[in-house]
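The file protein_29.cif comes next; it holds mmCIF, C-alpha atoms.
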```cif
data_input
#
loop_
_atom_site.label_atom_id
_atom_site.label_comp_id
_atom_site.auth_asym_id
_atom_site.auth_seq_id
_atom_site.Cartn_x
_atom_site.Cartn_y
_atom_site.Cartn_z
CA MET A 1 0.00 0.00 0.00
CA LEU A 2 3.01 2.30 0.16
CA PRO A 3 3.46 4.53 -2.89
CA LEU A 4 6.63 4.03 -4.88
CA PRO A 5 8.44 7.20 -5.92
CA TYR A 6 8.36 8.04 -9.62
CA ARG A 7 9.68 11.12 -11.40
CA VAL A 8 7.96 13.06 -14.16
CA ALA A 9 10.11 12.24 -17.17
CA GLY A 10 7.78 13.68 -19.80
CA ARG A 11 4.73 15.85 -19.94
CA GLU A 12 2.32 16.62 -22.77
CA ARG A 13 -0.60 18.99 -22.67
CA GLU A 14 -3.53 17.19 -24.28
CA THR A 15 -6.34 19.72 -23.95
CA GLY A 16 -7.13 22.82 -21.93
CA ASP A 17 -7.68 20.72 -18.82
CA SER A 18 -5.83 17.46 -19.47
CA VAL A 19 -2.19 16.42 -19.36
CA THR A 20 -0.38 13.17 -20.07
CA LEU A 21 2.52 12.41 -17.74
CA HIS A 22 5.28 9.92 -18.46
CA LEU A 23 6.53 8.64 -15.13
CA GLU A 24 9.77 6.75 -14.50
CA PRO A 25 10.54 4.86 -11.31
CA VAL A 26 13.15 6.34 -9.03
CA GLY A 27 13.85 2.88 -7.59
CA ALA A 28 11.48 -0.07 -7.54
CA ARG A 29 8.65 -0.06 -10.06
CA ILE A 30 5.05 -1.19 -9.83
CA ALA A 31 3.98 -4.49 -11.40
CA PRO A 32 3.11 -4.59 -15.13
CA PHE A 33 -0.41 -3.37 -15.87
CA ALA A 34 -3.24 -4.71 -17.97
CA PRO A 35 -5.26 -2.34 -20.20
CA GLY A 36 -8.05 -0.78 -18.16
CA GLN A 37 -6.28 -0.89 -14.81
CA PHE A 38 -5.53 2.25 -12.83
CA THR A 39 -3.01 3.51 -10.31
CA MET A 40 -3.30 5.72 -7.27
CA LEU A 41 -1.13 8.77 -7.87
CA TYR A 42 0.03 10.81 -4.90
CA ALA A 43 0.81 14.50 -5.24
CA ARG A 44 3.04 15.29 -2.32
CA GLY A 45 1.28 17.34 0.35
CA VAL A 46 -1.99 17.43 -1.58
CA GLY A 47 -3.43 13.96 -1.76
CA GLU A 48 -3.98 10.81 -3.75
CA VAL A 49 -6.30 10.10 -6.65
CA ALA A 50 -7.13 7.20 -8.97
CA ILE A 51 -5.90 7.73 -12.53
CA SER A 52 -6.27 5.46 -15.55
CA ILE A 53 -3.17 4.17 -17.23
CA SER A 54 -3.13 5.37 -20.82
CA GLY A 55 0.15 3.93 -22.09
CA ASP A 56 1.21 1.00 -24.20
CA PRO A 57 0.86 -2.31 -22.33
CA SER A 58 3.29 -4.04 -24.67
CA LEU A 59 6.20 -1.91 -23.47
CA ASP A 60 8.30 -3.17 -20.61
CA GLY A 61 6.78 -0.91 -17.98
CA ALA A 62 9.87 1.25 -17.51
CA THR A 63 7.70 4.28 -18.20
CA LEU A 64 4.22 4.65 -16.84
CA THR A 65 1.92 6.83 -18.95
CA GLN A 66 -1.08 8.41 -17.26
CA THR A 67 -3.53 10.98 -18.55
CA ILE A 68 -5.01 13.30 -15.96
CA ARG A 69 -7.86 15.78 -16.15
CA ASP A 70 -7.85 18.74 -13.82
CA VAL A 71 -11.09 18.29 -11.91
CA GLY A 72 -10.01 18.92 -8.32
CA ALA A 73 -7.14 19.76 -5.99
CA VAL A 74 -5.12 16.56 -6.45
CA SER A 75 -5.65 16.20 -10.17
CA ARG A 76 -4.80 19.89 -10.58
CA ALA A 77 -1.50 19.40 -8.71
CA LEU A 78 -0.71 16.40 -10.91
CA CYS A 79 -1.59 18.30 -14.07
CA ARG A 80 0.75 21.08 -13.00
CA ALA A 81 3.63 18.75 -12.07
CA ASP A 82 6.82 19.87 -13.81
CA LEU A 83 9.52 17.61 -15.14
CA GLU A 84 11.45 15.85 -12.37
CA THR A 85 8.62 16.28 -9.87
CA ARG A 86 8.37 13.25 -7.60
CA ILE A 87 4.99 11.52 -7.62
CA GLY A 88 3.97 8.53 -5.52
CA VAL A 89 2.48 5.59 -7.38
CA ARG A 90 0.49 2.62 -6.05
CA GLY A 91 -0.99 -0.11 -8.14
CA PRO A 92 -1.87 -1.21 -10.71
CA TYR A 93 -5.33 -1.91 -9.41
CA GLY A 94 -8.62 -3.31 -10.59
CA ARG A 95 -9.92 -5.49 -13.37
CA GLY A 96 -9.03 -4.35 -16.83
CA TRP A 97 -10.73 -4.76 -20.17
CA GLY A 98 -9.79 -8.43 -20.54
CA LEU A 99 -8.38 -7.91 -24.00
CA ASP A 100 -7.08 -11.48 -24.10
CA THR A 101 -10.62 -12.84 -23.78
CA ALA A 102 -11.59 -10.93 -26.92
CA ALA A 103 -8.91 -12.54 -29.08
CA GLY A 104 -10.30 -13.82 -32.36
CA ARG A 105 -13.18 -11.35 -32.26
CA ASP A 106 -13.94 -7.94 -33.72
CA LEU A 107 -13.37 -5.04 -31.34
CA VAL A 108 -15.57 -1.97 -31.19
CA VAL A 109 -14.07 0.69 -28.94
CA VAL A 110 -16.36 3.59 -28.02
CA ALA A 111 -14.81 6.55 -26.20
CA GLY A 112 -16.30 9.81 -25.03
CA GLY A 113 -14.15 12.74 -23.97
CA VAL A 114 -11.38 11.73 -21.56
CA GLY A 115 -12.79 8.20 -21.69
CA LEU A 116 -10.33 7.63 -24.49
CA ALA A 117 -7.47 7.53 -21.96
CA PRO A 118 -8.16 4.09 -20.44
CA LEU A 119 -9.11 2.74 -23.86
CA ARG A 120 -5.85 3.75 -25.50
CA PRO A 121 -4.03 0.72 -23.98
CA VAL A 122 -6.70 -1.53 -25.54
CA LEU A 123 -6.01 -0.09 -28.96
CA LEU A 124 -2.24 -0.11 -28.54
CA GLY A 125 -2.35 -3.63 -27.14
CA ALA A 126 -4.60 -4.94 -29.90
CA LEU A 127 -2.58 -3.23 -32.64
CA ALA A 128 0.62 -4.74 -31.22
CA ARG A 129 -0.99 -8.18 -31.68
CA ARG A 130 -2.97 -7.25 -34.76
CA ALA A 131 -3.26 -10.74 -36.23
CA GLU A 132 -5.09 -11.99 -33.13
CA PHE A 133 -8.13 -9.79 -33.72
CA GLY A 134 -10.66 -9.25 -36.46
CA ARG A 135 -11.83 -5.72 -37.23
CA ILE A 136 -10.80 -3.03 -34.80
CA VAL A 137 -13.11 -0.02 -34.81
CA LEU A 138 -12.69 3.12 -32.74
CA VAL A 139 -15.64 5.51 -32.37
CA ALA A 140 -14.58 8.54 -30.37
CA GLY A 141 -16.47 11.68 -29.47
CA ALA A 142 -15.39 14.99 -28.04
CA ARG A 143 -16.97 18.32 -27.31
CA THR A 144 -14.85 20.09 -29.96
CA PRO A 145 -11.98 19.00 -32.23
CA ALA A 146 -9.48 20.61 -29.82
CA GLU A 147 -10.78 18.50 -26.95
CA PHE A 148 -9.76 15.11 -28.32
CA LEU A 149 -6.99 13.46 -26.34
CA PHE A 150 -4.01 12.07 -28.30
CA ARG A 151 -4.83 14.11 -31.39
CA ASP A 152 -1.59 13.31 -33.23
CA GLN A 153 -2.10 9.62 -32.65
CA LEU A 154 -5.74 9.80 -33.75
CA ALA A 155 -4.61 11.48 -36.96
CA ARG A 156 -2.13 8.67 -37.59
CA TRP A 157 -4.63 5.98 -36.69
CA SER A 158 -7.16 7.51 -39.07
CA LYS A 159 -4.79 6.80 -41.94
CA GLN A 160 -4.10 3.20 -40.97
CA SER A 161 -5.80 0.45 -42.93
CA ASP A 162 -5.85 -1.98 -40.01
CA LEU A 163 -7.95 0.28 -37.80
CA GLU A 164 -11.30 1.95 -38.57
CA VAL A 165 -11.60 5.33 -36.89
CA GLU A 166 -14.81 7.37 -36.60
CA LEU A 167 -14.36 10.72 -34.87
CA THR A 168 -17.28 12.95 -34.07
CA VAL A 169 -17.69 16.22 -32.20
CA ASP A 170 -20.57 17.98 -30.52
CA ARG A 171 -19.48 21.30 -31.96
CA PRO A 172 -17.25 21.63 -35.02
CA ALA A 173 -14.56 24.24 -35.51
CA ASP A 174 -13.12 25.79 -38.66
CA GLY A 175 -11.28 23.15 -40.66
CA TRP A 176 -13.02 20.18 -39.05
CA THR A 177 -13.94 17.66 -41.73
CA GLY A 178 -15.05 14.80 -39.49
CA ASP A 179 -18.49 14.01 -38.21
CA VAL A 180 -20.71 16.28 -36.15
CA GLY A 181 -22.99 14.36 -33.83
CA PHE A 182 -23.05 12.22 -30.73
CA VAL A 183 -21.02 8.98 -30.67
CA THR A 184 -24.21 6.96 -30.95
CA GLU A 185 -24.68 8.28 -34.50
CA PRO A 186 -21.52 6.92 -36.19
CA LEU A 187 -21.83 3.90 -33.89
CA GLY A 188 -25.34 3.25 -35.21
CA ARG A 189 -24.08 3.39 -38.80
CA LEU A 190 -21.60 0.57 -38.27
CA THR A 191 -22.31 -2.82 -39.69
CA ILE A 192 -21.15 -5.34 -37.13
CA ASP A 193 -21.43 -9.06 -36.67
CA PRO A 194 -22.95 -9.30 -33.19
CA THR A 195 -21.93 -12.92 -32.83
CA ARG A 196 -18.24 -12.09 -32.99
CA THR A 197 -17.92 -8.57 -31.61
CA THR A 198 -16.76 -7.36 -28.22
CA ALA A 199 -17.35 -3.72 -27.35
CA PHE A 200 -15.39 -1.60 -24.88
CA LEU A 201 -17.04 1.62 -23.70
CA CYS A 202 -15.64 4.43 -21.62
CA GLY A 203 -16.93 7.93 -21.04
CA PRO A 204 -19.65 9.66 -19.05
CA GLU A 205 -22.18 7.11 -17.83
CA PRO A 206 -25.10 8.42 -19.92
CA MET A 207 -22.87 8.13 -22.99
CA MET A 208 -22.07 4.53 -22.14
CA ARG A 209 -25.74 3.72 -21.52
CA PHE A 210 -26.80 5.29 -24.80
CA SER A 211 -24.01 3.53 -26.68
CA ALA A 212 -24.80 0.19 -25.05
CA ASN A 213 -28.44 0.65 -26.10
CA VAL A 214 -27.35 1.15 -29.70
CA LEU A 215 -25.09 -1.90 -29.60
CA GLN A 216 -27.79 -4.04 -28.03
CA GLY A 217 -30.15 -2.81 -30.74
CA MET A 218 -27.67 -4.24 -33.23
CA GLY A 219 -27.97 -7.60 -31.49
CA LEU A 220 -24.84 -7.45 -29.34
CA PRO A 221 -25.41 -9.31 -26.05
CA ALA A 222 -24.84 -7.37 -22.82
CA ALA A 223 -22.20 -9.94 -21.91
CA ASP A 224 -20.10 -8.76 -24.85
CA ILE A 225 -20.27 -5.10 -23.85
CA ARG A 226 -17.76 -3.93 -21.26
CA VAL A 227 -17.89 -0.56 -19.56
CA SER A 228 -15.42 1.22 -17.31
CA LEU A 229 -17.07 2.69 -14.24
CA GLU A 230 -15.74 5.41 -11.99
CA ARG A 231 -16.53 5.95 -8.36
CA ASN A 232 -14.59 7.42 -5.46
CA MET A 233 -11.57 5.09 -5.35
CA LYS A 234 -9.57 5.60 -2.17
CA CYS A 235 -7.65 2.54 -1.06
CA GLY A 236 -7.55 0.82 -4.44
CA ALA A 237 -7.52 -2.59 -2.80
CA GLY A 238 -11.15 -3.28 -1.88
CA LEU A 239 -10.72 -2.42 1.78
CA CYS A 240 -12.27 0.98 2.46
CA GLY A 241 -15.58 0.67 0.60
CA HIS A 242 -15.63 4.20 -0.79
CA CYS A 243 -16.07 2.95 -4.34
CA GLN A 244 -18.96 0.61 -3.61
CA LEU A 245 -21.57 0.30 -6.33
CA GLY A 246 -24.21 -2.19 -5.20
CA PRO A 247 -22.45 -5.51 -4.71
CA LEU A 248 -19.27 -4.27 -6.37
CA LEU A 249 -16.21 -2.57 -4.98
CA LEU A 250 -15.14 -0.96 -8.21
CA CYS A 251 -11.46 -0.63 -7.33
CA ARG A 252 -11.34 -4.40 -6.96
CA ASP A 253 -14.26 -5.76 -9.01
CA GLY A 254 -13.97 -3.05 -11.67
CA PRO A 255 -13.39 -0.52 -13.00
CA VAL A 256 -14.25 -2.61 -16.06
CA VAL A 257 -17.53 -4.46 -15.66
CA ASP A 258 -19.58 -6.30 -18.22
CA TYR A 259 -22.87 -4.72 -19.09
CA ARG A 260 -24.95 -7.56 -17.68
CA GLN A 261 -23.73 -6.50 -14.25
CA ALA A 262 -23.48 -2.79 -14.90
CA ARG A 263 -26.85 -2.13 -16.55
CA PRO A 264 -29.09 -2.56 -13.47
CA LEU A 265 -26.63 -0.69 -11.26
CA LEU A 266 -26.49 2.31 -13.58
CA ALA A 267 -30.26 2.64 -13.43
CA ILE A 268 -30.35 3.18 -9.65
CA ARG A 269 -30.28 6.78 -8.55
CA GLU A 270 -28.59 6.25 -5.18
CA LEU A 271 -27.14 3.12 -3.67
CA MET B 272 -34.23 3.37 -60.40
CA PRO B 273 -33.37 1.16 -57.39
CA THR B 274 -35.01 -2.24 -57.08
CA ALA B 275 -37.45 -3.01 -54.29
CA ASP B 276 -34.88 -5.35 -52.74
CA GLU B 277 -32.23 -2.65 -52.74
CA LEU B 278 -34.47 -0.55 -50.52
CA LEU B 279 -34.12 -3.23 -47.85
CA ASP B 280 -30.61 -1.88 -47.23
CA PHE B 281 -32.15 1.07 -45.45
CA PRO B 282 -33.37 0.51 -41.89
CA ALA B 283 -36.13 3.09 -42.34
CA LEU B 284 -37.81 0.87 -44.93
CA ALA B 285 -37.31 -2.47 -43.24
CA GLY B 286 -40.96 -2.63 -42.14
CA LEU B 287 -42.43 -2.31 -45.63
CA ASP B 288 -43.63 -5.43 -47.38
CA ALA B 289 -42.49 -6.30 -50.90
CA GLU B 290 -45.49 -4.72 -52.59
CA HIS B 291 -45.02 -1.43 -50.81
CA ARG B 292 -41.27 -1.45 -51.37
CA GLN B 293 -42.01 -1.82 -55.08
CA LEU B 294 -44.44 1.09 -54.87
CA LEU B 295 -41.66 3.16 -53.28
CA ALA B 296 -39.03 1.96 -55.76
CA ASP B 297 -41.27 3.25 -58.56
CA LEU B 298 -41.04 6.72 -56.97
CA ALA B 299 -37.28 6.56 -56.50
CA GLU B 300 -34.15 7.26 -58.46
CA THR B 301 -30.52 6.60 -57.69
CA VAL B 302 -28.48 9.79 -57.62
CA THR B 303 -24.81 10.66 -57.35
CA LEU B 304 -23.78 13.93 -55.76
CA PRO B 305 -20.26 15.33 -56.14
CA PRO B 306 -18.37 16.65 -53.10
CA GLY B 307 -19.57 20.14 -52.20
CA GLU B 308 -22.88 19.84 -54.04
CA ARG B 309 -25.56 21.95 -52.37
CA ILE B 310 -28.51 19.62 -51.94
CA PHE B 311 -31.06 22.03 -50.52
CA GLU B 312 -31.35 25.38 -48.82
CA GLU B 313 -33.25 26.42 -45.73
CA GLY B 314 -36.70 27.73 -46.66
CA GLN B 315 -36.94 25.96 -50.02
CA VAL B 316 -39.79 23.59 -50.79
CA ALA B 317 -39.02 20.16 -49.35
CA ASP B 318 -39.81 18.12 -52.42
CA ALA B 319 -37.74 14.99 -51.78
CA CYS B 320 -35.91 12.89 -49.29
CA TRP B 321 -32.75 10.89 -49.73
CA LEU B 322 -31.59 7.56 -48.37
CA ILE B 323 -27.81 7.79 -48.21
CA ARG B 324 -26.03 4.77 -49.59
CA THR B 325 -22.41 6.01 -49.48
CA GLY B 326 -20.66 9.22 -48.50
CA ARG B 327 -21.48 11.89 -45.96
CA VAL B 328 -23.80 14.89 -45.93
CA THR B 329 -23.62 17.94 -43.68
CA LEU B 330 -26.69 19.72 -42.33
CA ASP B 331 -26.15 23.39 -41.65
CA ALA B 332 -27.73 26.64 -40.58
CA GLY B 333 -26.48 30.16 -41.05
CA GLN B 334 -27.06 33.61 -42.42
CA PRO B 335 -27.27 34.35 -46.13
CA ALA B 336 -24.10 36.40 -46.11
CA GLY B 337 -22.41 34.71 -43.18
CA PRO B 338 -20.82 31.38 -42.42
CA ARG B 339 -22.77 28.16 -42.38
CA TYR B 340 -22.67 26.26 -39.09
CA VAL B 341 -22.66 22.51 -39.44
CA VAL B 342 -25.10 21.06 -36.93
CA GLN B 343 -24.93 17.38 -37.90
CA THR B 344 -23.41 14.98 -40.38
CA LEU B 345 -25.21 12.05 -41.92
CA GLY B 346 -23.77 8.90 -43.40
CA PRO B 347 -24.59 5.58 -45.02
CA GLY B 348 -28.02 4.23 -44.11
CA ASP B 349 -29.26 7.60 -42.87
CA VAL B 350 -32.33 9.44 -44.10
CA LEU B 351 -31.70 12.97 -45.34
CA GLY B 352 -34.75 15.20 -45.11
CA TRP B 353 -37.84 15.11 -42.88
CA SER B 354 -39.53 18.43 -43.69
CA TRP B 355 -41.36 16.86 -46.64
CA LEU B 356 -43.47 14.88 -44.15
CA VAL B 357 -45.36 17.73 -42.52
CA PRO B 358 -46.62 21.16 -43.57
CA PRO B 359 -45.41 23.68 -44.56
CA TYR B 360 -43.04 21.32 -46.46
CA ARG B 361 -40.07 23.69 -46.25
CA TRP B 362 -36.51 22.78 -45.32
CA GLN B 363 -35.50 23.91 -41.86
CA LEU B 364 -31.78 23.51 -42.55
CA GLY B 365 -29.44 23.45 -45.53
CA ALA B 366 -27.56 20.36 -46.73
CA SER B 367 -24.37 19.74 -48.70
CA ALA B 368 -22.48 16.67 -49.83
CA ALA B 369 -19.34 16.58 -47.66
CA GLU B 370 -17.87 14.01 -50.00
CA ALA B 371 -19.08 12.06 -53.02
CA VAL B 372 -22.52 10.72 -52.15
CA THR B 373 -24.68 8.05 -53.69
CA ALA B 374 -28.27 8.01 -52.54
CA VAL B 375 -31.78 6.99 -53.35
CA ARG B 376 -33.93 10.06 -53.96
CA LEU B 377 -37.62 9.70 -53.24
CA ASP B 378 -40.24 12.06 -54.66
CA ALA B 379 -41.95 13.61 -51.64
CA ALA B 380 -45.25 14.66 -53.17
CA ALA B 381 -45.75 11.26 -54.75
CA MET B 382 -44.89 9.52 -51.48
CA ARG B 383 -47.33 11.64 -49.55
CA ALA B 384 -50.08 11.05 -52.10
CA ALA B 385 -49.52 7.30 -52.01
CA ALA B 386 -49.49 7.29 -48.21
CA GLU B 387 -52.72 9.27 -47.99
CA THR B 388 -54.42 7.05 -50.57
CA ASP B 389 -53.40 3.82 -48.88
CA PRO B 390 -52.86 3.94 -45.11
CA ALA B 391 -51.66 0.32 -45.24
CA PHE B 392 -48.68 1.78 -47.08
CA GLY B 393 -48.59 5.13 -45.27
CA TYR B 394 -48.55 3.86 -41.69
CA PRO B 395 -45.54 1.51 -41.94
CA LEU B 396 -43.80 4.14 -44.07
CA LEU B 397 -44.32 6.78 -41.39
CA LEU B 398 -43.38 4.32 -38.65
CA GLY B 399 -40.16 3.49 -40.49
CA PHE B 400 -39.20 7.12 -40.86
CA VAL B 401 -40.02 7.90 -37.23
CA THR B 402 -37.98 4.87 -36.13
CA ALA B 403 -35.05 6.20 -38.14
CA LEU B 404 -35.55 9.69 -36.74
CA LEU B 405 -35.53 8.66 -33.07
CA PRO B 406 -31.80 7.86 -32.78
CA ARG B 407 -31.07 11.27 -34.30
CA LEU B 408 -33.29 12.92 -31.72
CA HIS B 409 -31.61 10.93 -28.93
CA GLY B 410 -28.17 11.92 -30.22
CA THR B 411 -29.15 15.57 -30.37
CA ARG B 412 -30.48 15.46 -26.83
CA ALA B 413 -27.30 13.75 -25.64
CA ARG B 414 -25.26 16.57 -27.17
CA LEU B 415 -27.41 19.09 -25.30
CA LEU B 416 -26.31 17.44 -22.06
CA ASP B 417 -22.73 18.53 -22.82
CA LEU B 418 -21.53 15.29 -21.27
CA TYR B 419 -17.86 15.76 -22.07
CA GLY B 420 -17.55 19.06 -20.23
CA ASN B 421 -15.39 19.24 -17.11
CA PRO B 422 -17.50 18.30 -14.05
CA ARG B 423 -15.69 21.11 -12.24
CA ASP B 424 -17.53 23.63 -14.42
CA ARG B 425 -21.05 22.36 -13.75
#
```

Take the structure in the file and write it out as structure tokens.
Amino acid sequence: MLPLPYRVAGRERETGDSVTLHLEPVGARIAPFAPGQFTMLYARGVGEVAISISGDPSLDGATLTQTIRDVGAVSRALCRADLETRIGVRGPYGRGWGLDTAAGRDLVVVAGGVGLAPLRPVLLGALARRAEFGRIVLVAGARTPAEFLFRDQLARWSKQSDLEVELTVDRPADGWTGDVGFVTEPLGRLTIDPTRTTAFLCGPEPMMRFSANVLQGMGLPAADIRVSLERNMKCGAGLCGHCQLGPLLLCRDGPVVDYRQARPLLAIREL
Amino acid sequence: MPTADELLDFPALAGLDAEHRQLLADLAETVTLPPGERIFEEGQVADACWLIRTGRVTLDAGQPAGPRYVVQTLGPGDVLGWSWLVPPYRWQLGASAAEAVTAVRLDAAAMRAAAETDPAFGYPLLLGFVTALLPRLHGTRARLLDLYGNPRDR
């Protein structure tokens, strides 16, 4: 449970309120992560917060890549961390996307806003083992073109023949030539084989519900839809109960949950 | 002219039986629109609707002398144009081909006349179009929620 010291070795501003940090261990490093897992990052003297890992799972783990949105005191301190700042890291925690269990199937990845961060390891992991998967489709939405995470990478991915990319924005800007609409719209235009597709969804919960509805309307079973849920993770190890959602402790039993389990829980106003 | 079976490619028409699909096919033509083609303007008579087969279309609003603001894009399988269904049969938005588009163009006045003459054709036709419209309405409402905004700013 003790954080291991890491240093900020790289820093990229993604959007007006989001930053990607590349962290290198000062001494011992945390265990290798699976796509979808998270760490607890500690900003010295401010506090600790759960952050999704957004890096490439096929790398050796020497560098930990995490994308942080400034939504509160701790995340703001992390977003403002300069190079060489020491950050405490615990983890990795939780159940990931289970990419291995989707081998041999088509992947539909649906991301909304900063929800692309925990899905990036899925895409990087699947592309690193491209022959093991069928179609790989990314449908990503953002408020505006400038608010997409990983814009350079999205531009490169859009040109790749082994990955289908559908980008859509709520509000276009000058020069935007992609779609304008909610993610459910390009998602609804896809032709998928529901018997061999696994979908990974991450974003605001209404977005995931709406997207899951579209996918189920296409015949995709709830068991083949996985969503990443966010609650108030504190200990990360299923001990404190802060992240409880019904029968689940999301830091331990999630954050990725299949939609059979998630659907009834997302319909309850307060638990 | 598309065949009745080709119309099955469009979800909006999936509920029509073969006879009614043939009736619709007789009112239809296959069209190709080059990139940038202006399809209709706000305020014009809504005399047709299109079922997009390939390519993308932008829907926009704006001022005559000012910029056009794209409010939505449509793609394969989508229906372009609803204003032909209800009075005053005028387009509420403008539309352009964002890229090369192939589509089935349906004559609105003829469709309406056939639907009014034969409710057994008109009801499933209307139901199909409403079913196709609902996801667009849901998507528009979802955008109004501004879900991707920073929770800090709410």

As a check of understanding, name the residues that the PyMOL selection byres ((chain B) within 12 of (chain A)) selects in the supplied structure, as a PDB file with C-alpha atoms, in the frame of the given file.
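Once everything was written out, this is out_25.pdb:
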```
ATOM      1  CA  ASP B 280     -30.610  -1.880 -47.230  1.00  0.00           C
ATOM      2  CA  PHE B 281     -32.150   1.070 -45.450  1.00  0.00           C
ATOM      3  CA  PRO B 282     -33.370   0.510 -41.890  1.00  0.00           C
ATOM      4  CA  ILE B 323     -27.810   7.790 -48.210  1.00  0.00           C
ATOM      5  CA  ARG B 324     -26.030   4.770 -49.590  1.00  0.00           C
ATOM      6  CA  THR B 325     -22.410   6.010 -49.480  1.00  0.00           C
ATOM      7  CA  GLY B 326     -20.660   9.220 -48.500  1.00  0.00           C
ATOM      8  CA  ARG B 327     -21.480  11.890 -45.960  1.00  0.00           C
ATOM      9  CA  VAL B 328     -23.800  14.890 -45.930  1.00  0.00           C
ATOM     10  CA  THR B 329     -23.620  17.940 -43.680  1.00  0.00           C
ATOM     11  CA  LEU B 330     -26.690  19.720 -42.330  1.00  0.00           C
ATOM     12  CA  ASP B 331     -26.150  23.390 -41.650  1.00  0.00           C
ATOM     13  CA  PRO B 338     -20.820  31.380 -42.420  1.00  0.00           C
ATOM     14  CA  ARG B 339     -22.770  28.160 -42.380  1.00  0.00           C
ATOM     15  CA  TYR B 340     -22.670  26.260 -39.090  1.00  0.00           C
ATOM     16  CA  VAL B 341     -22.660  22.510 -39.440  1.00  0.00           C
ATOM     17  CA  VAL B 342     -25.100  21.060 -36.930  1.00  0.00           C
ATOM     18  CA  GLN B 343     -24.930  17.380 -37.900  1.00  0.00           C
ATOM     19  CA  THR B 344     -23.410  14.980 -40.380  1.00  0.00           C
ATOM     20  CA  LEU B 345     -25.210  12.050 -41.920  1.00  0.00           C
ATOM     21  CA  GLY B 346     -23.770   8.900 -43.400  1.00  0.00           C
ATOM     22  CA  PRO B 347     -24.590   5.580 -45.020  1.00  0.00           C
ATOM     23  CA  GLY B 348     -28.020   4.230 -44.110  1.00  0.00           C
ATOM     24  CA  ASP B 349     -29.260   7.600 -42.870  1.00  0.00           C
ATOM     25  CA  VAL B 350     -32.330   9.440 -44.100  1.00  0.00           C
ATOM     26  CA  ALA B 368     -22.480  16.670 -49.830  1.00  0.00           C
ATOM     27  CA  ALA B 369     -19.340  16.580 -47.660  1.00  0.00           C
ATOM     28  CA  GLU B 370     -17.870  14.010 -50.000  1.00  0.00           C
ATOM     29  CA  ALA B 403     -35.050   6.200 -38.140  1.00  0.00           C
ATOM     30  CA  LEU B 404     -35.550   9.690 -36.740  1.00  0.00           C
ATOM     31  CA  LEU B 405     -35.530   8.660 -33.070  1.00  0.00           C
ATOM     32  CA  PRO B 406     -31.800   7.860 -32.780  1.00  0.00           C
ATOM     33  CA  ARG B 407     -31.070  11.270 -34.300  1.00  0.00           C
ATOM     34  CA  LEU B 408     -33.290  12.920 -31.720  1.00  0.00           C
ATOM     35  CA  HIS B 409     -31.610  10.930 -28.930  1.00  0.00           C
ATOM     36  CA  GLY B 410     -28.170  11.920 -30.220  1.00  0.00           C
ATOM     37  CA  THR B 411     -29.150  15.570 -30.370  1.00  0.00           C
ATOM     38  CA  ARG B 412     -30.480  15.460 -26.830  1.00  0.00           C
ATOM     39  CA  ALA B 413     -27.300  13.750 -25.640  1.00  0.00           C
ATOM     40  CA  ARG B 414     -25.260  16.570 -27.170  1.00  0.00           C
ATOM     41  CA  LEU B 415     -27.410  19.090 -25.300  1.00  0.00           C
ATOM     42  CA  LEU B 416     -26.310  17.440 -22.060  1.00  0.00           C
ATOM     43  CA  ASP B 417     -22.730  18.530 -22.820  1.00  0.00           C
ATOM     44  CA  LEU B 418     -21.530  15.290 -21.270  1.00  0.00           C
ATOM     45  CA  TYR B 419     -17.860  15.760 -22.070  1.00  0.00           C
ATOM     46  CA  GLY B 420     -17.550  19.060 -20.230  1.00  0.00           C
ATOM     47  CA  ASN B 421     -15.390  19.240 -17.110  1.00  0.00           C
ATOM     48  CA  PRO B 422     -17.500  18.300 -14.050  1.00  0.00           C
ATOM     49  CA  ARG B 423     -15.690  21.110 -12.240  1.00  0.00           C
ATOM     50  CA  ASP B 424     -17.530  23.630 -14.420  1.00  0.00           C
ATOM     51  CA  ARG B 425     -21.050  22.360 -13.750  1.00  0.00           C
TER      52      ARG B 425
END
```

(message) What's around A:Gly134 at 9 Å? Count only C-alpha atoms, leave out sequence neighbours fewer than 4 positions away in its own chain, and write the answer as JSON, numbers by chain.
(response) {"A": [103, 104, 105, 106, 107, 130, 196, 197]}

(message) At a cut-off of 7 Å, using only C-alpha atoms, what residues contact B:Leu377? Leave out same-chain residues fewer than 6 positions from it and give the result as a VMD selection string.
(response) chain B and resid 298 to 300 319 to 321

(message) Once the PyMOL selection byres ((chain A and resi 163) around 6) has been evaluated on this model, what residues remain selected, and can you format them as a ChimeraX atom specification?
(response) /A:136-137,160-162,164

(message) Show me, as a PyMOL selection string, the residues that have an atom within 8 Å of A:Val110 when counting only C-alpha atoms, minus same-chain residues fewer than 5 positions from it.
(response) chain A and resi 138-140+183+199-202+211

(request) Kindly give the distance, in Å, that separates atom CA of B:Gln293 and atom CA of B:Ala275, rounded to a single decimal. (result)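 That distance, rounded to one decimal, is 4.8 Å.
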
(request) Evaluate the PyMOL selection byres ((chain B and resi 380-390) around 12) on the structure here and hand back the selected residues as a PyMOL selection string. (result) chain B and resi 291-292+294-299+316-320+354-358+360+376-379+391-398

(message) Which residues are near A:Gly16? Cut-off 9 Å, all atoms listed in the file, ignore same chain within fewer than 2 positions. Put them as a ChimeraX atom specification.
(response) /A:13-14,18-19,146-147

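Counting from atom CA of A:Met1, the distance to atom CA of A:Glu48 is 12.1 Å.
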